[in-house]
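Comments concern the structure below.
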Amino acid sequence: MIQISSITMKDIRGIRDLTLEFNDKSFVVSGPNGSGKSGVVDAIEFCLTGEISRLSGRGTAGITLQKHGPHVDRRDNPAAAEVTIDLNLLDLGKTAVITRNMKKPKELRIVPDELDIRAAVEDIASHPELVLSRREIIKYVLAEAGERSTEVQALLRLERIGQIRSTLATAHNKLKTTRDQAAQDRTDALDALRRHLDIEVASPEIVVSAVNERRKALRLPELDQLDEHTVLDSGVQAGTVSAFNKESALRDVAALVAEIDDPGGGAKDEVELLLADITAIIDDVDLLLLIQRAEFIETGLEYVDTAFCPLCDLEWADMAALRSYLEEKLARSTSADDQRKAILKNAGTLASTARRVRSLIAPVAVLANGESNPDFATELRAWSEALEVFAGEMKTLDGIIAAKERIEQGFLAVSAALKDQLDALDEAVKAKPDQSATVNAQTFLTRAQDRFVDFRHKRQLANLAAKAEAAAQAAYDAYCAASEEALSAMYESVQEDFSQFYREINAGDETGFTARLEQGAAKLDLSVDFYGLGMFPPGAYHSEGHQDGMGVCLYLALMRRLFGDEFRFAVLDDVVMSIDSGHRRQFCHLLREHFPDTQFIITTHDSIWAQQMRTEHLIDSKASVEFQGWSVEMGPVFEPVSEVWDRIEVDLARNDVPAAAARLRRHLEYTSKEMADLLAAPIPFRGDAGYDLGELFNAVVGRQRELLGMAAAAANSWNNDGDKAKVEELKEQRKAALARYGDEQWVVNKALHYNEWADFSKADFTGVVEAVKALLEQFQCSTCESPLYPSPARTPEALRCNCGSINLNLKRK
Amino acid sequence: MSTIQSEILEDFYKRLDEVGEVPESMVEALRSLLASGGKLKAEDFVQIFAPPSEEQIP
């Protein structure tokens, strides 16, 4: 993982030439809308990944990185746009400088260009989720379950899991088809052997008995058993007899004639059901469309192997998104799909029958050829091929519908001419003189051996195909079990972290909050508790602010699951804009406590929020920049100082007392509100929330006096010398700070009620600044600089700071 | 970094070792295929599981 030490941006987006020093720490960029903040985010993303996500995706037709990535004045000169980042590569313990130029966004210059550094930087490039905007974060919360599943899968790099699972399923289905066909081939071969041997059941004993009858006639040794090495015609000299066996030939012809006489092929029920279904879907155009769509989508799914839809060539954000969309669409036409499967099942029976008849045609075609009737043999082969075509048609709905008439007329029906020729062949064979007992026995054994070999071969193929199918099934089951277990555990941990983070942000408000992430087929349902009233979709009852909070909490939980302790860097672009002030403080606390080593680069248009991040020590006092405006020529307009006292000093150095006074007053207003909230200072309620600075300030000072009084009373009651001394020290500091004003009331009157500071001279105002600064500082811990606050706020039991160096008991004995 | 995918794959291979239907040679072939990280095709899996072609059968 990386952290950024500094970034230099030249002519990229709204920025002309800007360097920001992050020093591997969290940093905030604030400023009004249109001041160039997002340009910084774009620059970071561009340098790390070679992309700017807001210039791609939906709604960005006609926008390209090379044309619109550079500053508008440099739109015809992309080479002028360049970003350089000084990186700290934490895992490697190395630093590097990376530079990316808009002219060749795929090329990354790295100094030093070492293999491990390049690998680490390229790894980061594969994690665009480290740069997040509010728009992207909220999609995890408010998206449809299917879309959420896609987004979360993409975020966690889970596309491959789905891809492996579906590819394994497709492979298994193919092997299942192969297994079924091989099993049928084995059955047909066994039937051919049985027919030749003229036996009903082909058990080893019966086969051996039938064979030995002929072997005995030829005075050949009888067989003891039947195994894989058995040669049925052993002892019969090869090539001395023809392959023709009259009795067997007649049985072959009779078997084929019997099939022709039953043009339904013994699949009467299947034919009836199939014809009824075909008629129903032809009559119901909507149903037909639904079924065709399901079939179309299923076919498309099989061919998804890029982000381009194989059905319409539309480009998607990624392959997972496309796959998920098609799977969801397929699931929506479930009932139609069920009907389609029933049709295909019955059609499959017809296809099997057609293939069985082909196995009967083959020996008869050979016979016809041997009987000097090659034209009939050709005709039989043509019929066989037609049956193969018919079997192929039975695989698709369109093919089945097209074959309706043929099915109605009997899919095995043949022309009268062919039937006549078959009868003629039968007669011709019958008319042949009977073979002598010896020839009959010889040809019988030779033909039996041929069919026995063929059967053994088909059986071996069928066994192998069954093993392959079983292996594919076992692999598919194992992969599903492994992935479901891992994903369930993952979503459970994400759900727990998400719930905990959200409870922390909303402490005192939604302490019982829980969430549930449930994965279904191609979807990921999220439901959240609403004040103990039940579990609902996040958008059902929660406010926009709460949804924002959920979005960022879910994102953080997912990041923790994805990176674990290696989650050390993220860019959050205006992600918590709808969260109110009180919850933002908790949000700072959350980031500080749970992700203390993570560098967050945060942008916000809210200067108060930026200040809160400093007050709450999420960022160092100088780790920020405030853009105050923007121009095409100059880019963001800003001051390099970020701490209010530094800024006031700059104002005074320019002899600009009004600016310094305005800044000090705004700071006092902000601090007073923050302190009033933090200390739970009692203030008369105002319906318009327009609290006067004087009211707030007086309440805060009064509440502090009250809390210190409680601490002193508690320390005395417990006779705790340590607390007594600390309270005394704080009281002294407070007294000195107030005394510095000379007169507390003077401060209130002049500074807070009447805002007369702007008329002061620089010398007078410098004193006021120092006095206010000292007064505010005594509200803080001198060690960690966090405010002293009562805990719990409204029924306080302790007065403490963030680092724990101040922790005064407020409860008396 | 350890990913959910690698966790799943390791568990997958472990489960395959425990079932009789998938011989060790197939597991190795699967490892090799899935480690490549390339685009997966059903035919790749079919080749691993499938029986030898008809000509190869004695």
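Within each chain, counting starts at residue 1; across the structure tokens, chains are named A, B, ... in the order shown, with ligands numbered 1 upward in that order.
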Find the residues in chain B near chain A: any atom within 8 Å counts, using only C-alpha atoms. Write them as a compact mmCIF listing (two decimals) with C-alpha atoms, in the first residue's frame.
```
# COMPACT_ATOMS: atom_id res chain seq x y z
CA MET B 1 -2.18 -9.39 -0.46
CA THR B 3 -7.76 -11.90 -1.40
CA ILE B 4 -11.10 -13.56 -1.05
CA GLN B 5 -10.47 -15.20 -4.41
CA GLU B 7 -8.98 -17.98 -0.04
CA ILE B 8 -11.78 -19.55 -2.06
CA LEU B 9 -9.38 -21.27 -4.43
CA ASP B 11 -10.52 -24.08 0.02
CA PHE B 12 -11.69 -25.35 -3.37
CA ARG B 15 -12.30 -29.85 -0.91
CA LEU B 16 -11.33 -31.49 -4.22
CA VAL B 19 -13.59 -36.09 -2.91
CA GLU B 21 -14.20 -38.05 -8.25
CA VAL B 22 -11.37 -35.67 -8.99
CA LYS B 39 -9.81 -15.48 -19.59
CA LEU B 40 -11.67 -18.66 -18.72
CA LYS B 41 -13.56 -20.73 -21.25
CA ALA B 42 -15.81 -23.67 -20.52
CA GLU B 43 -13.78 -25.67 -23.02
CA PHE B 45 -12.49 -27.02 -17.99
CA VAL B 46 -13.99 -29.60 -20.35
CA PHE B 49 -12.38 -33.24 -16.99
CA ALA B 50 -13.14 -34.84 -20.34
CA PRO B 51 -12.26 -38.38 -21.34
CA GLU B 54 -12.23 -41.85 -29.20
CA ILE B 57 -9.19 -45.44 -26.37
```
Exercise. Which one of A:Leu808, A:Val552, A:Val439, A:Leu668 sits closest to Glu247 of chain A if you count only C-alpha atoms?
Worked result: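 Once distances to Glu247 of chain A are computed over only C-alpha atoms, the minimum belongs to A:Val439.
Taking atom CA of Ser38 of chain A and atom CA of Val632 of chain A as endpoints, the distance between them is 14.8 Å.
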Exercise. Got a sec: who's within 9 Å of Gly34 of chain A, counting only C-alpha atoms, leaving out chain neighbours fewer than 6 positions off, as a PyMOL selection string?
Worked result: chain A and resi 14+629-630+636
Selection file, C-alpha atoms, as an mmCIF file, in the first residue's frame:
```cif
data_model
loop_
_atom_site.group_PDB
_atom_site.id
_atom_site.type_symbol
_atom_site.label_atom_id
_atom_site.label_comp_id
_atom_site.auth_asym_id
_atom_site.auth_seq_id
_atom_site.Cartn_x
_atom_site.Cartn_y
_atom_site.Cartn_z
ATOM 1 C CA GLY A 14 -9.148 23.089 -13.485
ATOM 2 C CA GLY A 629 -12.143 30.814 -5.701
ATOM 3 C CA TRP A 630 -11.113 29.789 -9.170
ATOM 4 C CA PRO A 636 -7.728 27.570 -7.660
#
```
